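J.: Below is the file final.pdb, which contains PDB, C-alpha atoms and all ligand atoms.
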```pdb
ATOM      1  CA  GLU R  15      41.942 -37.730 -31.432
ATOM      2  CA  ASP R  16      41.707 -35.968 -28.104
ATOM      3  CA  ASP R  17      41.408 -37.701 -24.808
ATOM      4  CA  ASP R  18      38.383 -37.290 -22.589
ATOM      5  CA  ASN R  19      40.389 -35.232 -20.134
ATOM      6  CA  THR R  20      41.885 -32.984 -22.725
ATOM      7  CA  PHE R  21      40.152 -30.142 -24.353
ATOM      8  CA  VAL R  22      41.148 -27.610 -26.912
ATOM      9  CA  GLU R  23      40.465 -23.923 -26.836
ATOM     10  CA  ARG R  24      40.315 -21.942 -30.038
ATOM     11  CA  ILE R  25      42.019 -18.572 -29.740
ATOM     12  CA  GLN R  26      41.722 -15.741 -32.224
ATOM     13  CA  THR R  27      45.189 -14.208 -32.492
ATOM     14  CA  GLU R  28      45.882 -10.535 -33.170
ATOM     15  CA  ASP R  29      46.624 -11.153 -36.838
ATOM     16  CA  GLY R  30      43.314 -12.934 -37.242
ATOM     17  CA  HIS R  31      44.522 -16.500 -37.187
ATOM     18  CA  VAL R  32      42.828 -19.167 -35.142
ATOM     19  CA  GLN R  33      45.114 -21.110 -32.865
ATOM     20  CA  ASN R  34      44.330 -24.213 -30.886
ATOM     21  CA  ILE R  35      45.496 -24.229 -27.313
ATOM     22  CA  HIS R  36      45.396 -27.438 -25.353
ATOM     23  CA  VAL R  37      44.104 -27.305 -21.817
ATOM     24  CA  TYR R  38      45.337 -30.092 -19.581
ATOM     25  CA  GLN R  39      44.030 -31.180 -16.201
ATOM     26  CA  VAL R  40      46.695 -31.412 -13.528
ATOM     27  CA  TYR R  41      46.166 -32.561  -9.961
ATOM     28  CA  LEU R  42      48.339 -30.817  -7.379
ATOM     29  CA  LEU R  43      48.183 -33.090  -4.372
ATOM     30  CA  GLY R  44      49.844 -33.521  -1.037
ATOM     31  CA  MET R  45      49.259 -33.430   2.679
ATOM     32  CA  SER R  46      48.083 -30.168   4.167
ATOM     33  CA  GLY R  47      51.000 -27.838   4.893
ATOM     34  CA  THR R  48      53.391 -29.234   2.277
ATOM     35  CA  GLY R  49      53.241 -26.019   0.213
ATOM     36  CA  LYS R  50      50.685 -26.626  -2.549
ATOM     37  CA  CYS R  51      49.108 -23.175  -2.358
ATOM     38  CA  SER R  52      52.543 -21.556  -2.209
ATOM     39  CA  LEU R  53      53.623 -23.485  -5.312
ATOM     40  CA  MET R  54      50.418 -22.477  -7.084
ATOM     41  CA  ARG R  55      51.094 -18.822  -6.278
ATOM     42  CA  GLN R  56      54.570 -19.120  -7.808
ATOM     43  CA  PHE R  57      53.176 -20.900 -10.891
ATOM     44  CA  LYS R  58      51.098 -17.808 -11.585
ATOM     45  CA  THR R  59      54.254 -15.702 -11.932
ATOM     46  CA  THR R  60      56.149 -18.139 -14.165
ATOM     47  CA  GLU R  61      58.664 -16.958 -16.715
ATOM     48  CA  TYR R  62      57.042 -19.389 -19.159
ATOM     49  CA  ARG R  63      53.852 -17.387 -19.043
ATOM     50  CA  GLY R  64      51.803 -17.607 -22.235
ATOM     51  CA  VAL R  65      50.743 -14.654 -24.318
ATOM     52  CA  TYR R  66      47.018 -15.134 -24.889
ATOM     53  CA  ASP R  67      44.315 -14.051 -22.509
ATOM     54  CA  TYR R  68      41.976 -16.646 -21.179
ATOM     55  CA  SER R  69      38.908 -17.031 -23.270
ATOM     56  CA  SER R  70      35.405 -17.836 -22.179
ATOM     57  CA  SER R  71      35.551 -21.598 -21.739
ATOM     58  CA  ILE R  72      37.577 -21.419 -18.553
ATOM     59  CA  GLU R  73      36.354 -18.096 -17.249
ATOM     60  CA  ASP R  74      34.761 -19.947 -14.362
ATOM     61  CA  ASP R  75      38.215 -20.830 -13.085
ATOM     62  CA  PRO R  76      40.953 -18.442 -14.270
ATOM     63  CA  ASP R  77      42.584 -18.502 -10.826
ATOM     64  CA  ASN R  78      43.532 -22.143 -11.201
ATOM     65  CA  THR R  79      44.701 -21.943 -14.774
ATOM     66  CA  VAL R  80      48.262 -21.228 -15.844
ATOM     67  CA  SER R  81      49.141 -20.364 -19.421
ATOM     68  CA  ILE R  82      52.553 -21.614 -20.479
ATOM     69  CA  MET R  83      54.645 -20.992 -23.563
ATOM     70  CA  LEU R  84      57.059 -23.875 -24.005
ATOM     71  CA  ASP R  85      59.074 -24.749 -27.116
ATOM     72  CA  GLY R  86      57.105 -22.158 -29.051
ATOM     73  CA  ILE R  87      53.745 -23.725 -28.265
ATOM     74  CA  GLU R  88      51.278 -22.348 -25.775
ATOM     75  CA  SER R  89      49.279 -24.675 -23.539
ATOM     76  CA  ARG R  90      47.216 -24.248 -20.418
ATOM     77  CA  LEU R  91      47.316 -26.226 -17.253
ATOM     78  CA  HIS R  92      44.120 -26.317 -15.277
ATOM     79  CA  ILE R  93      45.428 -27.102 -11.820
ATOM     80  CA  LEU R  94      43.236 -28.758  -9.225
ATOM     81  CA  THR R  95      44.758 -28.411  -5.762
ATOM     82  CA  MET R  96      43.668 -30.866  -3.099
ATOM     83  CA  ASP R  97      44.702 -32.276   0.227
ATOM     84  CA  ILE R  98      45.704 -35.815  -0.482
ATOM     85  CA  ASP R  99      43.406 -37.408   2.118
ATOM     86  CA  HIS R 100      40.393 -36.067   0.249
ATOM     87  CA  VAL R 101      41.286 -37.535  -3.111
ATOM     88  CA  LYS R 102      40.383 -40.905  -4.533
ATOM     89  CA  SER R 103      43.250 -42.495  -6.433
ATOM     90  CA  SER R 104      40.757 -43.262  -9.193
ATOM     91  CA  VAL R 105      40.662 -39.596 -10.232
ATOM     92  CA  THR R 106      41.954 -39.079 -13.746
ATOM     93  CA  GLY R 107      44.036 -36.143 -14.825
ATOM     94  CA  ASP R 108      46.602 -35.586 -17.548
ATOM     95  CA  ALA R 109      49.271 -35.438 -14.840
ATOM     96  CA  TYR R 110      49.708 -35.614 -11.077
ATOM     97  CA  VAL R 111      52.047 -33.387  -9.115
ATOM     98  CA  VAL R 112      52.423 -35.077  -5.748
ATOM     99  CA  VAL R 113      54.008 -32.869  -3.092
ATOM    100  CA  TYR R 114      55.635 -33.673   0.218
ATOM    101  CA  SER R 115      57.774 -31.557   2.507
ATOM    102  CA  ILE R 116      61.413 -32.611   2.847
ATOM    103  CA  THR R 117      61.032 -31.791   6.560
ATOM    104  CA  ASP R 118      58.094 -34.135   7.090
ATOM    105  CA  ARG R 119      58.537 -37.862   6.680
ATOM    106  CA  GLN R 120      54.835 -38.511   7.162
ATOM    107  CA  SER R 121      54.036 -36.333   4.158
ATOM    108  CA  PHE R 122      56.554 -38.344   2.105
ATOM    109  CA  GLN R 123      54.992 -41.673   3.119
ATOM    110  CA  THR R 124      51.540 -40.318   2.298
ATOM    111  CA  ALA R 125      52.702 -39.119  -1.124
ATOM    112  CA  LEU R 126      54.233 -42.514  -1.887
ATOM    113  CA  GLN R 127      51.121 -44.383  -0.824
ATOM    114  CA  PHE R 128      49.036 -42.231  -3.120
ATOM    115  CA  ILE R 129      51.375 -42.872  -6.049
ATOM    116  CA  LYS R 130      51.255 -46.611  -5.414
ATOM    117  CA  ASN R 131      47.462 -46.490  -5.469
ATOM    118  CA  ILE R 132      47.414 -44.609  -8.767
ATOM    119  CA  ARG R 133      49.791 -47.096 -10.382
ATOM    120  CA  ASP R 134      47.778 -50.039  -9.018
ATOM    121  CA  ASN R 135      44.610 -48.602 -10.529
ATOM    122  CA  GLU R 136      46.352 -48.157 -13.867
ATOM    123  CA  LEU R 137      47.366 -51.786 -13.780
ATOM    124  CA  ILE R 138      43.746 -52.831 -13.336
ATOM    125  CA  ASP R 139      42.620 -50.537 -16.164
ATOM    126  CA  ASN R 140      45.331 -51.805 -18.461
ATOM    127  CA  GLN R 141      44.187 -55.358 -17.927
ATOM    128  CA  SER R 142      40.786 -54.295 -19.195
ATOM    129  CA  HIS R 143      42.506 -52.700 -22.222
ATOM    130  CA  LEU R 144      41.799 -49.171 -21.053
ATOM    131  CA  LYS R 145      45.399 -48.090 -21.296
ATOM    132  CA  ARG R 146      46.606 -45.123 -19.303
ATOM    133  CA  HIS R 147      49.843 -44.272 -17.578
ATOM    134  CA  ALA R 148      49.699 -40.664 -16.503
ATOM    135  CA  PRO R 149      52.835 -38.671 -15.763
ATOM    136  CA  ILE R 150      53.477 -38.299 -12.045
ATOM    137  CA  ILE R 151      55.948 -35.797 -10.653
ATOM    138  CA  LEU R 152      57.055 -36.386  -7.086
ATOM    139  CA  VAL R 153      57.961 -33.035  -5.529
ATOM    140  CA  GLY R 154      60.032 -32.565  -2.387
ATOM    141  CA  ASN R 155      59.125 -29.011  -1.401
ATOM    142  CA  LYS R 156      60.751 -26.708   1.207
ATOM    143  CA  SER R 157      64.250 -27.500  -0.047
ATOM    144  CA  ASP R 158      65.406 -24.265   1.582
ATOM    145  CA  LEU R 159      64.922 -25.787   5.031
ATOM    146  CA  VAL R 160      68.180 -27.748   4.831
ATOM    147  CA  ARG R 161      68.700 -28.129   8.557
ATOM    148  CA  LYS R 162      65.216 -29.544   9.088
ATOM    149  CA  ARG R 163      65.514 -32.088   6.289
ATOM    150  CA  SER R 164      64.222 -35.550   7.206
ATOM    151  CA  VAL R 165      63.789 -37.088   3.738
ATOM    152  CA  THR R 166      66.977 -37.554   1.710
ATOM    153  CA  LYS R 167      67.147 -36.890  -1.997
ATOM    154  CA  GLU R 168      68.462 -40.391  -2.617
ATOM    155  CA  ILE R 169      65.525 -42.143  -0.983
ATOM    156  CA  ALA R 170      63.003 -39.948  -2.755
ATOM    157  CA  ARG R 171      64.679 -40.283  -6.152
ATOM    158  CA  HIS R 172      64.796 -44.041  -5.789
ATOM    159  CA  ALA R 173      61.127 -44.217  -4.814
ATOM    160  CA  ALA R 174      60.173 -42.042  -7.771
ATOM    161  CA  PHE R 175      62.160 -44.223 -10.150
ATOM    162  CA  LYS R 176      60.523 -47.359  -8.806
ATOM    163  CA  HIS R 177      57.071 -45.997  -9.633
ATOM    164  CA  SER R 178      58.027 -44.460 -12.992
ATOM    165  CA  CYS R 179      57.752 -40.911 -11.682
ATOM    166  CA  LYS R 180      59.818 -37.819 -12.233
ATOM    167  CA  PHE R 181      61.392 -36.277  -9.163
ATOM    168  CA  ILE R 182      62.326 -32.718  -8.283
ATOM    169  CA  GLU R 183      63.025 -30.729  -5.130
ATOM    170  CA  THR R 184      61.593 -27.217  -5.001
ATOM    171  CA  SER R 185      61.328 -24.268  -2.699
ATOM    172  CA  ALA R 186      58.146 -22.292  -3.082
ATOM    173  CA  ALA R 187      59.473 -19.895  -0.436
ATOM    174  CA  ILE R 188      62.522 -18.766  -2.426
ATOM    175  CA  ASN R 189      61.074 -19.735  -5.825
ATOM    176  CA  ASP R 190      63.738 -22.338  -6.547
ATOM    177  CA  LYS R 191      63.040 -24.920  -9.300
ATOM    178  CA  VAL R 192      59.347 -24.020  -9.344
ATOM    179  CA  ASP R 193      59.552 -23.009 -13.011
ATOM    180  CA  ASP R 194      61.370 -26.254 -13.783
ATOM    181  CA  LEU R 195      58.545 -28.146 -12.127
ATOM    182  CA  LEU R 196      55.899 -26.306 -14.138
ATOM    183  CA  ALA R 197      57.668 -26.657 -17.492
ATOM    184  CA  GLY R 198      58.640 -30.252 -16.686
ATOM    185  CA  THR R 199      55.032 -31.141 -15.956
ATOM    186  CA  LEU R 200      53.876 -29.785 -19.312
ATOM    187  CA  LYS R 201      56.755 -31.522 -21.058
ATOM    188  CA  GLN R 202      55.784 -34.866 -19.490
ATOM    189  CA  ILE R 203      52.162 -34.379 -20.547
ATOM    190  CA  ARG R 204      53.183 -33.648 -24.134
ATOM    191  CA  ILE R 205      55.462 -36.683 -24.273
ATOM    192  CA  ASN R 206      52.710 -38.847 -22.830
ATOM    193  CA  GLN R 207      50.092 -37.618 -25.328
ATOM    194  CA  GLN R 208      52.481 -38.173 -28.211
ATOM    195  CA  ILE R 209      53.153 -41.730 -27.174
ATOM    196  CA  ARG R 210      49.480 -42.500 -26.918
ATOM    197  CA  ASN R 211      48.650 -40.950 -30.279
ATOM    198  CA  GLU R 212      51.223 -43.032 -32.116
TER     199      GLU R 212
HETATM  200  P1  LIG Y   1      49.309 -26.321   1.570
HETATM  201  O1  LIG Y   1      48.490 -26.613   2.776
HETATM  202  O2  LIG Y   1      49.887 -27.578   1.001
HETATM  203  O3  LIG Y   1      48.631 -25.507   0.527
HETATM  204  O4  LIG Y   1      50.584 -25.499   2.068
HETATM  205  P2  LIG Y   1      50.832 -23.909   2.049
HETATM  206  O5  LIG Y   1      51.213 -23.452   0.694
HETATM  207  O6  LIG Y   1      49.673 -23.234   2.698
HETATM  208  O7  LIG Y   1      52.137 -23.820   2.959
HETATM  209  C1  LIG Y   1      52.115 -24.252   4.319
HETATM  210  C2  LIG Y   1      53.189 -23.489   5.085
HETATM  211  O8  LIG Y   1      54.490 -23.837   4.605
HETATM  212  C3  LIG Y   1      53.079 -21.981   4.948
HETATM  213  O9  LIG Y   1      53.438 -21.398   6.161
HETATM  214  C4  LIG Y   1      54.088 -21.657   3.866
HETATM  215  O10 LIG Y   1      54.606 -20.354   3.992
HETATM  216  C5  LIG Y   1      55.168 -22.686   4.150
HETATM  217  N1  LIG Y   1      55.906 -23.058   2.932
HETATM  218  C6  LIG Y   1      55.415 -23.450   1.736
HETATM  219  N2  LIG Y   1      56.386 -23.726   0.868
HETATM  220  C7  LIG Y   1      57.545 -23.512   1.522
HETATM  221  C8  LIG Y   1      58.934 -23.629   1.155
HETATM  222  O11 LIG Y   1      59.307 -23.996   0.029
HETATM  223  N3  LIG Y   1      59.853 -23.331   2.132
HETATM  224  C9  LIG Y   1      59.495 -22.917   3.379
HETATM  225  N4  LIG Y   1      60.463 -22.643   4.248
HETATM  226  N5  LIG Y   1      58.210 -22.807   3.747
HETATM  227  C10 LIG Y   1      57.245 -23.097   2.840
END
```
Do you think you could lay out the structure here as structure tokens?
Ligand code: GDP
T.:
Amino acid sequence: EDDDNTFVERIQTEDGHVQNIHVYQVYLLGMSGTGKCSLMRQFKTTEYRGVYDYSSSIEDDPDNTVSIMLDGIESRLHILTMDIDHVKSSVTGDAYVVVYSITDRQSFQTALQFIKNIRDNELIDNQSHLKRHAPIILVGNKSDLVRKRSVTKEIARHAAFKHSCKFIETSAAINDKVDDLLAGTLKQIRINQQIRNE
């Protein structure tokens, strides 16, 4: 059974088969200036790019959709990019990619606060038997700016662990680890869906 957030697109392949492609909702969040739009631009050029053209159901928003071929299965991520101050932590997606800049401690604190709020909300929902525990990926962007670093890897990794999040440092500027972030996000979503369907 599919989740409310998840929908399936039916694609007619070249040899006439019908294939189901899952479309997942991903929130790409972080303070303004942390590099969300730059990451999104790099996502669009991923080496994991899928093979099927977008069909009608998402034609209203092809710019924010990335097709990914991972482990032989194609999926789509519909990525909603937002400045973190404008987002309620009660929003529900299949995954959250929460970005800070390694040069900006304030953006790290803001990212952590948001993650705490999401986990607190999940706790409340779980008490009312509405179980959900979405994958969250904490992303330290601008890893190329080594001399301006003000958030250490150790502190960030520890914080991520504490809140059951994945952690990765990326550079949208030199396209470092951006593909790993994209594939890792899809992988986390698939693992999460599997667990819930069991
Ligand atoms: P957004 O407000 O979160 O969407 O951030 P943008 O993607 O607009 O990036 C804000 C600024 O940071 C721009 O000047 C980008 O060129 C720069 N930027 C984004 N990612 C990186 C990165 O990985 N390294 C460096 N050095 N600059 C970056």
J.: Can you tell me which residues surround Ala187 (chain R) at a distance of at most 10 Å, considering only C-alpha atoms, apart from same-chain residues fewer than 4 positions away, and format the answer as a VMD selection string?
T.: chain R and resid 49 52 to 53 56 155 to 159 192
J.: Within 9 Å of ligand LIG 1 (chain Y), which residues of chain R come that close, and what is the closest atom pair and distance in Å for each? Count all atoms listed in the file and give it as JSON lines.
T.:
```
{"residue": "R:Leu43", "atom": "CA", "partner": "Y:LIG1", "partner_atom": "O2", "distance": 7.9}
{"residue": "R:Gly44", "atom": "CA", "partner": "Y:LIG1", "partner_atom": "O2", "distance": 6.3}
{"residue": "R:Met45", "atom": "CA", "partner": "Y:LIG1", "partner_atom": "O2", "distance": 6.1}
{"residue": "R:Ser46", "atom": "CA", "partner": "Y:LIG1", "partner_atom": "O1", "distance": 3.8}
{"residue": "R:Gly47", "atom": "CA", "partner": "Y:LIG1", "partner_atom": "O1", "distance": 3.5}
{"residue": "R:Thr48", "atom": "CA", "partner": "Y:LIG1", "partner_atom": "O2", "distance": 4.1}
{"residue": "R:Gly49", "atom": "CA", "partner": "Y:LIG1", "partner_atom": "O4", "distance": 3.3}
{"residue": "R:Lys50", "atom": "CA", "partner": "Y:LIG1", "partner_atom": "O2", "distance": 3.8}
{"residue": "R:Cys51", "atom": "CA", "partner": "Y:LIG1", "partner_atom": "O5", "distance": 3.7}
{"residue": "R:Ser52", "atom": "CA", "partner": "Y:LIG1", "partner_atom": "O5", "distance": 3.7}
{"residue": "R:Leu53", "atom": "CA", "partner": "Y:LIG1", "partner_atom": "O5", "distance": 6.5}
{"residue": "R:Met54", "atom": "CA", "partner": "Y:LIG1", "partner_atom": "O5", "distance": 7.9}
{"residue": "R:Arg55", "atom": "CA", "partner": "Y:LIG1", "partner_atom": "O5", "distance": 8.4}
{"residue": "R:Thr95", "atom": "CA", "partner": "Y:LIG1", "partner_atom": "O3", "distance": 7.9}
{"residue": "R:Met96", "atom": "CA", "partner": "Y:LIG1", "partner_atom": "O2", "distance": 8.1}
{"residue": "R:Asp97", "atom": "CA", "partner": "Y:LIG1", "partner_atom": "O2", "distance": 7.0}
{"residue": "R:Val113", "atom": "CA", "partner": "Y:LIG1", "partner_atom": "O2", "distance": 7.9}
{"residue": "R:Tyr114", "atom": "CA", "partner": "Y:LIG1", "partner_atom": "O2", "distance": 8.4}
{"residue": "R:Ser115", "atom": "CA", "partner": "Y:LIG1", "partner_atom": "O11", "distance": 8.1}
{"residue": "R:Gly154", "atom": "CA", "partner": "Y:LIG1", "partner_atom": "O11", "distance": 8.9}
{"residue": "R:Asn155", "atom": "CA", "partner": "Y:LIG1", "partner_atom": "O11", "distance": 5.2}
{"residue": "R:Lys156", "atom": "CA", "partner": "Y:LIG1", "partner_atom": "O11", "distance": 3.3}
{"residue": "R:Ser157", "atom": "CA", "partner": "Y:LIG1", "partner_atom": "O11", "distance": 6.1}
{"residue": "R:Asp158", "atom": "CA", "partner": "Y:LIG1", "partner_atom": "N3", "distance": 5.7}
{"residue": "R:Leu159", "atom": "CA", "partner": "Y:LIG1", "partner_atom": "N4", "distance": 5.5}
{"residue": "R:Thr184", "atom": "CA", "partner": "Y:LIG1", "partner_atom": "O11", "distance": 6.4}
{"residue": "R:Ser185", "atom": "CA", "partner": "Y:LIG1", "partner_atom": "O11", "distance": 3.4}
{"residue": "R:Ala186", "atom": "CA", "partner": "Y:LIG1", "partner_atom": "O11", "distance": 3.7}
{"residue": "R:Ala187", "atom": "CA", "partner": "Y:LIG1", "partner_atom": "C8", "distance": 4.1}
{"residue": "R:Ile188", "atom": "CA", "partner": "Y:LIG1", "partner_atom": "O11", "distance": 6.6}
{"residue": "R:Asn189", "atom": "CA", "partner": "Y:LIG1", "partner_atom": "O11", "distance": 7.5}
{"residue": "R:Asp190", "atom": "CA", "partner": "Y:LIG1", "partner_atom": "O11", "distance": 8.1}
```
J.: Please return, as a PyMOL selection string, all polymer residues that have at least one atom within 12 Å of the point (39.1, -38.9, -6.8); use all atoms listed in the file and the file's own coordinate frame.
T.: chain R and resi 41+43+94-107+110+128+131-132+135
J.: If I put a ball of radius 7 Å at (39.7, -25.4, -25.6) in the file's coordinates, which residues poke into it when counting all atoms listed in the file, written as a PyMOL selection string?
T.: chain R and resi 21-24+35-37+71
J.: In Å, with one decimal, what is the gap from CA of Arg161 (chain R) to CA of Lys191 (chain R)?
T.: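 Value for the CA of Arg161 (chain R)-CA of Lys191 (chain R) distance: 19.0 Å.
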J.: Report as a ChimeraX atom specification all protein, DNA and RNA residues lying within 10 Å of Thr166 (chain R), evaluated on only C-alpha atoms, omitting residues in the same chain fewer than 5 positions from it.
T.: /R:116-117,119,154,171
J.: Provide an axis-aligned box for all listed atoms of region 154-172 of chain R, padding each side by 3 Å; report its centre and its edge lengths in Å to one decimal, as AutoDock Vina command-line options.
T.:
```
--center_x 63.9 --center_y -34.2 --center_z 1.5 --size_x 15.6 --size_y 25.8 --size_z 21.2
```
J.: I need the output of the PyMOL selection byres (((chain R and resi 195) around 9) and not hetatm) for this file as a list in words; which residues are they?
T.: Val111, Ile151, Val153, Ile182, Glu183, Thr184, Lys191, Val192, Asp193, Asp194, Leu196, Ala197, Gly198, Thr199 and Leu200 of chain R
J.: For a test of reading the model, state the distance in Å between CA of Ala109 (chain R) and CA of His92 (chain R), rounded to one decimal.
T.: 10.5 Å
J.: CA of Pro76 (chain R) to CA of Asn34 (chain R): how many Å, to one decimal?
T.: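 Going from CA of Pro76 (chain R) over to CA of Asn34 (chain R) covers 17.9 Å.
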J.: Using only C-alpha atoms, which protein or nucleic acid residues come within 9 Å of Ile93 (chain R)? Drop anything in the same chain fewer than 5 positions from it, and give the result as an mmCIF file with C-alpha atoms, in the coordinates of the input.
T.:
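Dumped to out_15.cif:
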```
data_model
loop_
_atom_site.group_PDB
_atom_site.id
_atom_site.type_symbol
_atom_site.label_atom_id
_atom_site.label_comp_id
_atom_site.auth_asym_id
_atom_site.auth_seq_id
_atom_site.Cartn_x
_atom_site.Cartn_y
_atom_site.Cartn_z
ATOM 1 C CA TYR R 38 45.337 -30.092 -19.581
ATOM 2 C CA GLN R 39 44.030 -31.180 -16.201
ATOM 3 C CA VAL R 40 46.695 -31.412 -13.528
ATOM 4 C CA TYR R 41 46.166 -32.561 -9.961
ATOM 5 C CA LEU R 42 48.339 -30.817 -7.379
ATOM 6 C CA MET R 54 50.418 -22.477 -7.084
ATOM 7 C CA ASN R 78 43.532 -22.143 -11.201
ATOM 8 C CA THR R 79 44.701 -21.943 -14.774
ATOM 9 C CA VAL R 80 48.262 -21.228 -15.844
#
```
J.: Just the residues within 6 Å of Glu88 (chain R), please, counting only C-alpha atoms, with nothing from its chain fewer than 4 positions along; format it as a list of chain:residue names.
T.: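 Final neighbour list, sorted by chain and number: R:Gly64, R:Ile82, R:Met83.
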J.: For Ile129 (chain R), list every protein, DNA or RNA residue within 8 Å, evaluated using only C-alpha atoms, and leave out those in the same chain fewer than 2 positions away; present the list as a PyMOL selection string.
T.: chain R and resi 112+125-127+131-133+150+177
